[in-house]
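The file run_34.pdb comes next; it holds PDB, C-alpha atoms.
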```pdb
ATOM      1  CA  MET A   1     123.039-188.281-130.315  1.00  0.00           C
ATOM      2  CA  LYS A   2     120.805-185.619-131.899  1.00  0.00           C
ATOM      3  CA  ILE A   3     121.151-184.653-135.555  1.00  0.00           C
ATOM      4  CA  GLY A   4     121.871-181.063-134.457  1.00  0.00           C
ATOM      5  CA  LYS A   5     125.065-182.216-132.767  1.00  0.00           C
ATOM      6  CA  TYR A   6     126.197-183.886-135.983  1.00  0.00           C
ATOM      7  CA  ILE A   7     125.587-180.668-137.904  1.00  0.00           C
ATOM      8  CA  ALA A   8     127.455-178.596-135.307  1.00  0.00           C
ATOM      9  CA  LEU A   9     130.424-180.955-135.463  1.00  0.00           C
ATOM     10  CA  ILE A  10     130.538-180.801-139.261  1.00  0.00           C
ATOM     11  CA  THR A  11     130.258-176.995-139.216  1.00  0.00           C
ATOM     12  CA  PHE A  12     133.132-176.680-136.757  1.00  0.00           C
ATOM     13  CA  ALA A  13     135.345-179.017-138.787  1.00  0.00           C
ATOM     14  CA  ALA A  14     134.490-177.247-142.038  1.00  0.00           C
ATOM     15  CA  SER A  15     135.456-173.873-140.507  1.00  0.00           C
ATOM     16  CA  ALA A  16     138.792-175.247-139.383  1.00  0.00           C
ATOM     17  CA  LEU A  17     139.513-176.778-142.784  1.00  0.00           C
ATOM     18  CA  THR A  18     138.527-173.577-144.560  1.00  0.00           C
ATOM     19  CA  ALA A  19     140.933-171.552-142.423  1.00  0.00           C
ATOM     20  CA  ALA A  20     143.698-173.992-143.292  1.00  0.00           C
ATOM     21  CA  ALA A  21     142.904-173.847-146.985  1.00  0.00           C
ATOM     22  CA  GLN A  22     143.209-170.057-146.906  1.00  0.00           C
ATOM     23  CA  GLY A  23     146.902-170.412-146.174  1.00  0.00           C
ATOM     24  CA  TYR A  24     147.206-170.691-142.412  1.00  0.00           C
ATOM     25  CA  THR A  25     150.555-172.339-141.625  1.00  0.00           C
ATOM     26  CA  THR A  26     152.866-172.774-138.650  1.00  0.00           C
ATOM     27  CA  PRO A  27     156.631-172.712-139.238  1.00  0.00           C
ATOM     28  CA  GLY A  28     158.218-176.151-138.927  1.00  0.00           C
ATOM     29  CA  LEU A  29     154.873-178.018-138.872  1.00  0.00           C
ATOM     30  CA  GLU A  30     154.399-180.412-141.798  1.00  0.00           C
ATOM     31  CA  TRP A  31     153.315-183.944-142.677  1.00  0.00           C
ATOM     32  CA  SER A  32     155.740-186.518-141.305  1.00  0.00           C
ATOM     33  CA  SER A  33     157.070-189.273-143.555  1.00  0.00           C
ATOM     34  CA  ARG A  34     159.567-192.114-143.584  1.00  0.00           C
ATOM     35  CA  HIS A  35     161.479-192.496-146.837  1.00  0.00           C
ATOM     36  CA  GLY A  36     158.769-190.512-148.599  1.00  0.00           C
ATOM     37  CA  VAL A  37     155.896-192.560-147.134  1.00  0.00           C
ATOM     38  CA  HIS A  38     153.368-191.112-144.699  1.00  0.00           C
ATOM     39  CA  TYR A  39     151.576-193.510-142.330  1.00  0.00           C
ATOM     40  CA  GLU A  40     148.354-192.701-140.478  1.00  0.00           C
ATOM     41  CA  ILE A  41     145.827-194.427-138.205  1.00  0.00           C
ATOM     42  CA  ASN A  42     142.294-193.062-138.690  1.00  0.00           C
ATOM     43  CA  ALA A  43     139.062-192.974-136.696  1.00  0.00           C
ATOM     44  CA  GLY A  44     135.849-191.168-137.469  1.00  0.00           C
ATOM     45  CA  LEU A  45     132.097-190.984-137.805  1.00  0.00           C
ATOM     46  CA  ASN A  46     129.959-191.708-140.908  1.00  0.00           C
ATOM     47  CA  ILE A  47     126.815-189.651-141.494  1.00  0.00           C
ATOM     48  CA  GLY A  48     124.481-190.387-144.394  1.00  0.00           C
ATOM     49  CA  GLY A  49     122.299-193.138-145.741  1.00  0.00           C
ATOM     50  CA  ALA A  50     121.202-195.277-148.677  1.00  0.00           C
ATOM     51  CA  ALA A  51     119.316-192.853-150.900  1.00  0.00           C
ATOM     52  CA  PRO A  52     117.423-193.023-154.213  1.00  0.00           C
ATOM     53  CA  LEU A  53     118.530-190.530-156.891  1.00  0.00           C
ATOM     54  CA  PRO A  54     116.333-188.719-157.657  1.00  0.00           C
ATOM     55  CA  LEU A  55     113.584-189.130-155.054  1.00  0.00           C
ATOM     56  CA  PRO A  56     111.046-191.484-156.704  1.00  0.00           C
ATOM     57  CA  ALA A  57     107.350-190.693-157.058  1.00  0.00           C
ATOM     58  CA  GLU A  58     106.494-193.564-154.687  1.00  0.00           C
ATOM     59  CA  ILE A  59     107.995-191.661-151.737  1.00  0.00           C
ATOM     60  CA  ARG A  60     105.583-188.825-150.949  1.00  0.00           C
ATOM     61  CA  LYS A  61     107.103-187.542-147.697  1.00  0.00           C
ATOM     62  CA  ILE A  62     110.084-188.176-145.413  1.00  0.00           C
ATOM     63  CA  ASN A  63     108.639-188.056-141.896  1.00  0.00           C
ATOM     64  CA  SER A  64     111.883-188.630-139.972  1.00  0.00           C
ATOM     65  CA  TYR A  65     115.547-189.478-140.475  1.00  0.00           C
ATOM     66  CA  ASN A  66     118.102-190.786-137.970  1.00  0.00           C
ATOM     67  CA  PRO A  67     121.721-191.196-139.204  1.00  0.00           C
ATOM     68  CA  ASN A  68     122.606-193.605-136.362  1.00  0.00           C
ATOM     69  CA  LEU A  69     126.060-193.807-134.788  1.00  0.00           C
ATOM     70  CA  ASN A  70     128.295-195.179-137.557  1.00  0.00           C
ATOM     71  CA  LEU A  71     131.946-195.564-136.570  1.00  0.00           C
ATOM     72  CA  MET A  72     135.079-196.028-138.670  1.00  0.00           C
ATOM     73  CA  ILE A  73     138.640-197.102-137.837  1.00  0.00           C
ATOM     74  CA  GLY A  74     141.454-197.799-140.269  1.00  0.00           C
ATOM     75  CA  ALA A  75     144.972-197.118-141.509  1.00  0.00           C
ATOM     76  CA  THR A  76     146.432-195.330-144.552  1.00  0.00           C
ATOM     77  CA  ALA A  77     149.856-195.218-146.223  1.00  0.00           C
ATOM     78  CA  THR A  78     150.683-192.391-148.653  1.00  0.00           C
ATOM     79  CA  LYS A  79     153.675-192.377-151.012  1.00  0.00           C
ATOM     80  CA  TRP A  80     154.802-188.885-152.024  1.00  0.00           C
ATOM     81  CA  PHE A  81     156.534-188.428-155.379  1.00  0.00           C
ATOM     82  CA  GLU A  82     159.886-186.706-155.762  1.00  0.00           C
ATOM     83  CA  PRO A  83     161.197-184.112-156.157  1.00  0.00           C
ATOM     84  CA  THR A  84     158.491-181.715-154.885  1.00  0.00           C
ATOM     85  CA  GLN A  85     156.368-184.262-152.981  1.00  0.00           C
ATOM     86  CA  LYS A  86     153.284-182.273-153.985  1.00  0.00           C
ATOM     87  CA  TRP A  87     151.584-185.335-155.461  1.00  0.00           C
ATOM     88  CA  GLY A  88     151.159-188.742-153.908  1.00  0.00           C
ATOM     89  CA  ILE A  89     149.130-191.909-153.965  1.00  0.00           C
ATOM     90  CA  SER A  90     147.606-193.597-150.935  1.00  0.00           C
ATOM     91  CA  ALA A  91     146.122-196.971-150.146  1.00  0.00           C
ATOM     92  CA  GLY A  92     144.171-197.734-147.017  1.00  0.00           C
ATOM     93  CA  ILE A  93     142.005-200.220-145.245  1.00  0.00           C
ATOM     94  CA  ARG A  94     139.180-199.366-142.889  1.00  0.00           C
ATOM     95  CA  PHE A  95     136.550-201.166-140.873  1.00  0.00           C
ATOM     96  CA  GLU A  96     133.335-199.169-140.755  1.00  0.00           C
ATOM     97  CA  THR A  97     129.609-199.215-140.216  1.00  0.00           C
ATOM     98  CA  LYS A  98     127.049-197.467-142.400  1.00  0.00           C
ATOM     99  CA  GLY A  99     123.398-197.148-141.528  1.00  0.00           C
ATOM    100  CA  MET A 100     120.275-195.071-141.036  1.00  0.00           C
ATOM    101  CA  LYS A 101     116.689-195.202-139.860  1.00  0.00           C
ATOM    102  CA  THR A 102     113.919-193.468-141.781  1.00  0.00           C
ATOM    103  CA  ASP A 103     110.150-193.165-141.678  1.00  0.00           C
ATOM    104  CA  ALA A 104     108.312-192.171-144.848  1.00  0.00           C
ATOM    105  CA  THR A 105     104.836-191.872-146.300  1.00  0.00           C
ATOM    106  CA  VAL A 106     104.640-193.759-149.611  1.00  0.00           C
ATOM    107  CA  LYS A 107     102.188-194.689-152.364  1.00  0.00           C
ATOM    108  CA  ASN A 108     102.336-197.860-154.496  1.00  0.00           C
ATOM    109  CA  TYR A 109     105.695-198.736-152.919  1.00  0.00           C
ATOM    110  CA  GLY A 110     106.987-202.202-153.861  1.00  0.00           C
ATOM    111  CA  MET A 111     106.808-204.351-150.715  1.00  0.00           C
ATOM    112  CA  GLU A 112     106.910-207.920-149.421  1.00  0.00           C
ATOM    113  CA  ILE A 113     105.562-208.124-145.894  1.00  0.00           C
ATOM    114  CA  ILE A 114     105.681-210.925-143.344  1.00  0.00           C
ATOM    115  CA  GLN A 115     102.179-211.610-142.030  1.00  0.00           C
ATOM    116  CA  ASP A 116     101.268-214.541-139.772  1.00  0.00           C
ATOM    117  CA  GLY A 117     104.496-216.314-140.729  1.00  0.00           C
ATOM    118  CA  SER A 118     103.926-216.060-144.493  1.00  0.00           C
ATOM    119  CA  ARG A 119     105.134-213.544-147.081  1.00  0.00           C
ATOM    120  CA  VAL A 120     102.729-211.374-149.049  1.00  0.00           C
ATOM    121  CA  LYS A 121     104.037-209.325-151.981  1.00  0.00           C
ATOM    122  CA  GLY A 122     102.401-206.289-153.519  1.00  0.00           C
ATOM    123  CA  ASN A 123     102.217-202.493-153.468  1.00  0.00           C
ATOM    124  CA  TRP A 124     102.083-200.599-150.184  1.00  0.00           C
ATOM    125  CA  THR A 125     100.411-197.242-149.573  1.00  0.00           C
ATOM    126  CA  GLY A 126     100.872-195.701-146.136  1.00  0.00           C
ATOM    127  CA  LYS A 127     103.794-195.365-143.744  1.00  0.00           C
ATOM    128  CA  VAL A 128     106.984-197.409-143.888  1.00  0.00           C
ATOM    129  CA  GLU A 129     109.836-197.486-141.388  1.00  0.00           C
ATOM    130  CA  THR A 130     113.229-198.614-142.686  1.00  0.00           C
ATOM    131  CA  LYS A 131     116.334-199.667-140.736  1.00  0.00           C
ATOM    132  CA  TYR A 132     119.526-200.121-142.729  1.00  0.00           C
ATOM    133  CA  SER A 133     122.969-201.059-141.426  1.00  0.00           C
ATOM    134  CA  SER A 134     126.061-202.518-143.054  1.00  0.00           C
ATOM    135  CA  THR A 135     129.407-203.472-141.513  1.00  0.00           C
ATOM    136  CA  GLN A 136     132.089-203.216-144.176  1.00  0.00           C
ATOM    137  CA  LEU A 137     135.773-203.665-144.908  1.00  0.00           C
ATOM    138  CA  CYS A 138     136.735-200.891-147.312  1.00  0.00           C
ATOM    139  CA  ILE A 139     139.875-200.286-149.413  1.00  0.00           C
ATOM    140  CA  PRO A 140     140.324-196.785-150.941  1.00  0.00           C
ATOM    141  CA  ILE A 141     142.982-195.988-153.573  1.00  0.00           C
ATOM    142  CA  LEU A 142     143.416-192.204-153.699  1.00  0.00           C
ATOM    143  CA  ALA A 143     145.428-189.553-155.523  1.00  0.00           C
ATOM    144  CA  ASN A 144     146.703-186.877-153.115  1.00  0.00           C
ATOM    145  CA  TYR A 145     147.723-183.257-153.645  1.00  0.00           C
ATOM    146  CA  ARG A 146     149.521-181.260-150.969  1.00  0.00           C
ATOM    147  CA  ILE A 147     148.404-177.598-151.050  1.00  0.00           C
ATOM    148  CA  ASN A 148     150.813-176.522-148.337  1.00  0.00           C
ATOM    149  CA  SER A 149     152.590-177.966-145.307  1.00  0.00           C
ATOM    150  CA  ARG A 150     149.311-178.558-143.424  1.00  0.00           C
ATOM    151  CA  TRP A 151     146.579-178.988-146.003  1.00  0.00           C
ATOM    152  CA  ARG A 152     146.066-181.736-148.578  1.00  0.00           C
ATOM    153  CA  VAL A 153     143.166-183.006-150.699  1.00  0.00           C
ATOM    154  CA  ASN A 154     142.470-186.453-152.163  1.00  0.00           C
ATOM    155  CA  ALA A 155     140.155-188.268-154.542  1.00  0.00           C
ATOM    156  CA  GLY A 156     139.793-191.741-156.003  1.00  0.00           C
ATOM    157  CA  PRO A 157     137.834-195.019-156.053  1.00  0.00           C
ATOM    158  CA  TYR A 158     137.081-197.441-153.261  1.00  0.00           C
ATOM    159  CA  ILE A 159     135.857-201.022-153.035  1.00  0.00           C
ATOM    160  CA  ALA A 160     134.052-202.496-150.039  1.00  0.00           C
ATOM    161  CA  LEU A 161     133.163-205.954-148.793  1.00  0.00           C
ATOM    162  CA  ALA A 162     130.038-206.141-146.630  1.00  0.00           C
ATOM    163  CA  LEU A 163     130.645-208.392-143.621  1.00  0.00           C
ATOM    164  CA  ASN A 164     127.101-208.007-142.322  1.00  0.00           C
ATOM    165  CA  ASN A 165     123.955-206.447-143.813  1.00  0.00           C
ATOM    166  CA  ASP A 166     120.548-205.570-142.369  1.00  0.00           C
ATOM    167  CA  PHE A 167     117.679-203.968-144.253  1.00  0.00           C
ATOM    168  CA  ASN A 168     114.356-204.359-142.473  1.00  0.00           C
ATOM    169  CA  GLY A 169     111.472-202.452-140.977  1.00  0.00           C
ATOM    170  CA  ARG A 170     107.719-202.266-140.659  1.00  0.00           C
ATOM    171  CA  VAL A 171     104.655-200.917-142.450  1.00  0.00           C
ATOM    172  CA  TYR A 172     101.644-199.363-140.706  1.00  0.00           C
ATOM    173  CA  ASP A 173      98.742-196.915-141.118  1.00  0.00           C
ATOM    174  CA  GLY A 174      97.971-197.979-144.692  1.00  0.00           C
ATOM    175  CA  TYR A 175      97.105-200.863-146.977  1.00  0.00           C
ATOM    176  CA  LEU A 176      98.763-203.426-149.231  1.00  0.00           C
ATOM    177  CA  ARG A 177      97.454-204.284-152.708  1.00  0.00           C
ATOM    178  CA  GLU A 178      98.429-207.913-153.251  1.00  0.00           C
ATOM    179  CA  GLY A 179     100.287-208.655-156.477  1.00  0.00           C
ATOM    180  CA  ASP A 180      99.794-205.275-158.203  1.00  0.00           C
ATOM    181  CA  PRO A 181      98.165-201.851-157.595  1.00  0.00           C
ATOM    182  CA  THR A 182      94.699-203.283-158.382  1.00  0.00           C
ATOM    183  CA  GLY A 183      94.981-206.472-156.308  1.00  0.00           C
ATOM    184  CA  ASN A 184      93.214-207.519-153.114  1.00  0.00           C
ATOM    185  CA  LYS A 185      93.382-204.786-150.467  1.00  0.00           C
ATOM    186  CA  VAL A 186      94.820-205.690-147.036  1.00  0.00           C
ATOM    187  CA  ILE A 187      94.287-202.833-144.552  1.00  0.00           C
ATOM    188  CA  PHE A 188      96.504-202.053-141.529  1.00  0.00           C
ATOM    189  CA  GLU A 189      94.978-199.558-139.108  1.00  0.00           C
ATOM    190  CA  ASN A 190      94.317-198.938-135.407  1.00  0.00           C
ATOM    191  CA  GLY A 191      97.870-199.850-134.454  1.00  0.00           C
ATOM    192  CA  SER A 192      98.184-202.965-136.630  1.00  0.00           C
ATOM    193  CA  GLU A 193     101.419-203.405-138.577  1.00  0.00           C
ATOM    194  CA  ALA A 194     103.531-205.914-140.514  1.00  0.00           C
ATOM    195  CA  THR A 195     107.273-206.356-140.845  1.00  0.00           C
ATOM    196  CA  TYR A 196     109.616-206.893-143.791  1.00  0.00           C
ATOM    197  CA  ASP A 197     113.230-208.032-144.168  1.00  0.00           C
ATOM    198  CA  PHE A 198     115.350-207.574-147.309  1.00  0.00           C
ATOM    199  CA  SER A 199     118.710-208.204-145.611  1.00  0.00           C
ATOM    200  CA  ASP A 200     119.566-211.193-147.817  1.00  0.00           C
ATOM    201  CA  GLU A 201     119.117-209.058-150.941  1.00  0.00           C
ATOM    202  CA  ILE A 202     121.984-206.642-150.157  1.00  0.00           C
ATOM    203  CA  LYS A 203     125.128-206.972-152.280  1.00  0.00           C
ATOM    204  CA  LEU A 204     128.323-208.228-150.641  1.00  0.00           C
ATOM    205  CA  PHE A 205     130.566-206.054-152.844  1.00  0.00           C
ATOM    206  CA  GLN A 206     130.129-202.323-153.321  1.00  0.00           C
ATOM    207  CA  TRP A 207     132.264-199.669-154.992  1.00  0.00           C
ATOM    208  CA  GLY A 208     132.268-195.944-155.523  1.00  0.00           C
ATOM    209  CA  MET A 209     134.248-192.715-155.328  1.00  0.00           C
ATOM    210  CA  GLN A 210     135.762-190.820-152.412  1.00  0.00           C
ATOM    211  CA  VAL A 211     136.817-187.173-152.245  1.00  0.00           C
ATOM    212  CA  GLY A 212     138.056-185.241-149.230  1.00  0.00           C
ATOM    213  CA  GLY A 213     140.796-183.377-147.450  1.00  0.00           C
ATOM    214  CA  SER A 214     143.012-183.359-144.367  1.00  0.00           C
ATOM    215  CA  TRP A 215     144.331-180.598-142.150  1.00  0.00           C
ATOM    216  CA  LEU A 216     147.369-181.130-139.919  1.00  0.00           C
ATOM    217  CA  ALA A 217     146.283-179.664-136.564  1.00  0.00           C
ATOM    218  CA  PHE A 218     149.425-180.763-134.682  1.00  0.00           C
ATOM    219  CA  ARG A 219     152.568-182.625-135.657  1.00  0.00           C
ATOM    220  CA  HIS A 220     150.951-186.044-135.232  1.00  0.00           C
ATOM    221  CA  LEU A 221     147.228-185.158-135.319  1.00  0.00           C
ATOM    222  CA  ALA A 222     145.209-184.542-138.491  1.00  0.00           C
ATOM    223  CA  VAL A 223     141.539-183.627-139.003  1.00  0.00           C
ATOM    224  CA  ASN A 224     140.008-185.543-141.930  1.00  0.00           C
ATOM    225  CA  ALA A 225     136.780-185.028-143.869  1.00  0.00           C
ATOM    226  CA  ASN A 226     135.657-187.266-146.755  1.00  0.00           C
ATOM    227  CA  LEU A 227     132.588-187.866-148.890  1.00  0.00           C
ATOM    228  CA  THR A 228     132.012-191.401-150.206  1.00  0.00           C
ATOM    229  CA  TRP A 229     129.463-191.935-152.967  1.00  0.00           C
ATOM    230  CA  GLY A 230     128.476-195.464-153.946  1.00  0.00           C
ATOM    231  CA  LEU A 231     128.177-195.995-157.705  1.00  0.00           C
ATOM    232  CA  ASN A 232     126.451-199.369-157.597  1.00  0.00           C
ATOM    233  CA  GLU A 233     123.132-199.733-155.824  1.00  0.00           C
ATOM    234  CA  ILE A 234     122.958-201.739-152.608  1.00  0.00           C
ATOM    235  CA  PHE A 235     120.417-204.371-153.806  1.00  0.00           C
ATOM    236  CA  LYS A 236     121.244-207.403-155.939  1.00  0.00           C
ATOM    237  CA  SER A 237     120.194-207.106-159.585  1.00  0.00           C
ATOM    238  CA  SER A 238     117.826-210.078-159.159  1.00  0.00           C
ATOM    239  CA  PHE A 239     115.853-208.242-156.441  1.00  0.00           C
ATOM    240  CA  LYS A 240     112.826-206.539-158.015  1.00  0.00           C
ATOM    241  CA  THR A 241     110.514-205.840-155.064  1.00  0.00           C
ATOM    242  CA  VAL A 242     111.861-202.319-154.479  1.00  0.00           C
ATOM    243  CA  THR A 243     111.510-200.725-157.910  1.00  0.00           C
ATOM    244  CA  PHE A 244     114.127-197.952-157.543  1.00  0.00           C
ATOM    245  CA  ASP A 245     117.872-197.994-156.832  1.00  0.00           C
ATOM    246  CA  LEU A 246     119.451-197.033-153.504  1.00  0.00           C
ATOM    247  CA  TYR A 247     123.019-195.685-153.338  1.00  0.00           C
ATOM    248  CA  PRO A 248     125.152-195.391-150.172  1.00  0.00           C
ATOM    249  CA  ILE A 249     126.171-191.740-149.707  1.00  0.00           C
ATOM    250  CA  TYR A 250     128.128-190.876-146.558  1.00  0.00           C
ATOM    251  CA  PHE A 251     130.120-187.972-145.142  1.00  0.00           C
ATOM    252  CA  ASN A 252     132.952-188.928-142.790  1.00  0.00           C
ATOM    253  CA  ILE A 253     134.499-186.604-140.236  1.00  0.00           C
ATOM    254  CA  GLY A 254     137.342-187.855-138.091  1.00  0.00           C
ATOM    255  CA  PHE A 255     140.933-187.719-136.921  1.00  0.00           C
ATOM    256  CA  GLY A 256     144.202-189.347-137.843  1.00  0.00           C
ATOM    257  CA  TYR A 257     147.377-190.049-135.882  1.00  0.00           C
ATOM    258  CA  ALA A 258     150.372-189.511-138.186  1.00  0.00           C
ATOM    259  CA  PHE A 259     153.608-191.447-137.687  1.00  0.00           C
TER     260      PHE A 259
END
```
Written form, structure tokens:
Amino acid sequence: MKIGKYIALITFAASALTAAAQGYTTPGLEWSSRHGVHYEINAGLNIGGAAPLPLPAEIRKINSYNPNLNLMIGATATKWFEPTQKWGISAGIRFETKGMKTDATVKNYGMEIIQDGSRVKGNWTGKVETKYSSTQLCIPILANYRINSRWRVNAGPYIALALNNDFNGRVYDGYLREGDPTGNKVIFENGSEATYDFSDEIKLFQWGMQVGGSWLAFRHLAVNANLTWGLNEIFKSSFKTVTFDLYPIYFNIGFGYAF
């Protein structure tokens, strides 16, 4: 799926949510609940990546970016408070994938390559391709505010357990300085390359903040949009090869079936 299709989908959803926020309502259409509790099954698509903030000096150019097809499915229960039921609190659980593929031109980038079955650590200058994916079980705890009968917003923290992590790629069209920026120079050119794999260095637990909104399109169908921003970097604190932090930042667009 091309990145343009992702952008078109987000634009369409944003237009619909904006119209709802401007006060569009339908008589008799409102969030369903049982004894003040609203239940919803969710499905959606995550778009984003693990990004350094700000962009470090080692990364000179982003040559390409592919958000991959990252799916999410889960369930949410929201308790609305009496007497107005304007405010509520929700807890959920979701099974999701997060990932990306990038190609960048870097200089003095911390790297540990696999060459002829052995590992060589140093500083890489040239092109680096990175593939990141993480399958996670996530639990968000959110405060909710109901603007009107069809539109609500939410915000709060989340915690996530990584069930599977992959962070690997290749380096090419450049050279590695072994040990430090002045070490022995190992050149990769004319199609030669080396691989790397930092999958074992990804943290099992992650946490961050989520903010978003929902629009009730039909009695049992809602359109959801959320931004999740990881507040702890993805690598273990003991991992020092990559010298800058990476934070998972993802936008989710999806749908919910309301009971």
**Request:** May I ask which of the residues A:Asn70, A:Asn42, A:Asn108, A:Ser118 is the closest one to Tyr250 of chain A, counting only C-alpha atoms?
**Result:**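 Looking only at the distances to Tyr250 of chain A, the closest residue turns out to be A:Asn70.
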**Prompt:** Do you have the atom CA of Tyr158 of chain A-atom CA of Gly230 of chain A distance handy?
**Reply:**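 Taking atom CA of Tyr158 of chain A as the start and atom CA of Gly230 of chain A as the end point, the length is 8.9 Å.
When the PyMOL selection byres ((chain A and resi 98) around 10) is run on the displayed coordinates, the residues it returns are Leu45, Asn46, Ile47, Gly48, Gly49, Ala50, Pro67, Asn68, Leu69, Asn70, Leu71, Met72, Glu96, Thr97, Gly99, Met100, Tyr132, Ser133, Ser134, Thr135, Gln136, Asn165, Pro248, Ile249 and Tyr250 of chain A.
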Selection to disk with C-alpha atoms, as a compact mmCIF listing (two decimals), keeping the file's coordinate frame:
```txt
# COMPACT_ATOMS: atom_id res chain seq x y z
CA LEU A 45 132.10 -190.98 -137.80
CA ASN A 46 129.96 -191.71 -140.91
CA ILE A 47 126.82 -189.65 -141.49
CA GLY A 48 124.48 -190.39 -144.39
CA GLY A 49 122.30 -193.14 -145.74
CA ALA A 50 121.20 -195.28 -148.68
CA PRO A 67 121.72 -191.20 -139.20
CA ASN A 68 122.61 -193.60 -136.36
CA LEU A 69 126.06 -193.81 -134.79
CA ASN A 70 128.29 -195.18 -137.56
CA LEU A 71 131.95 -195.56 -136.57
CA MET A 72 135.08 -196.03 -138.67
CA GLU A 96 133.34 -199.17 -140.76
CA THR A 97 129.61 -199.22 -140.22
CA GLY A 99 123.40 -197.15 -141.53
CA MET A 100 120.28 -195.07 -141.04
CA TYR A 132 119.53 -200.12 -142.73
CA SER A 133 122.97 -201.06 -141.43
CA SER A 134 126.06 -202.52 -143.05
CA THR A 135 129.41 -203.47 -141.51
CA GLN A 136 132.09 -203.22 -144.18
CA ASN A 165 123.96 -206.45 -143.81
CA PRO A 248 125.15 -195.39 -150.17
CA ILE A 249 126.17 -191.74 -149.71
CA TYR A 250 128.13 -190.88 -146.56
```
**Request:** Please measure the separation of atom CA of Lys79 of chain A and atom CA of Leu221 of chain A, giving the value in Å to one decimal.
**Result:**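 Rounded to one decimal, the two atoms are 18.4 Å apart.
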**Prompt:** Residues around (135.3, -184.3, -143.5), cut-off 8 Å, counting all atoms listed in the file - what are they as a list in words?
**Reply:**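 Residues found, by chain and rising number: Ile10, Ala13, Ala14, Gly212, Gly213, Ser214, Val223, Asn224, Ala225, Asn226, Leu227, Phe251, Asn252, Ile253 and Gly254 of chain A.
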**Message:** Once the PyMOL selection byres ((chain A and resi 235) around 6) has been evaluated on this model, what residues remain selected, and can you format them as an MDAnalysis selection string?
**Reply:** chainID A and resid 201:203 233:234 236
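Minimum atom-to-atom distance to Asp245 of chain A, evaluated using all atoms listed in the file, belongs to A:Leu53 out of A:Leu53, A:Thr102, A:Glu112, A:Asn66.
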**Prompt:** In Å, with one decimal, what is the gap from atom CA of Arg60 of chain A to atom CA of Lys185 of chain A?
**Reply:**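 It comes out at 20.1 Å.
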**Request:** Go ahead and find all residues with at least one atom no further than 8 Å from (143.8, -200.9, -151.8) in the file's coordinates, using only C-alpha atoms; report them as a ChimeraX atom specification.
**Result:** /A:91-93,139-141,158
**Request:** Translate the PyMOL selection byres ((chain A and resi 174) around 8), as applied to the file shown, into an explicit residue set as a list in words.
**Result:** Trp124, Thr125, Gly126, Lys127, Val171, Tyr172, Asp173, Tyr175, Leu176, Ile187, Phe188 and Glu189 of chain A
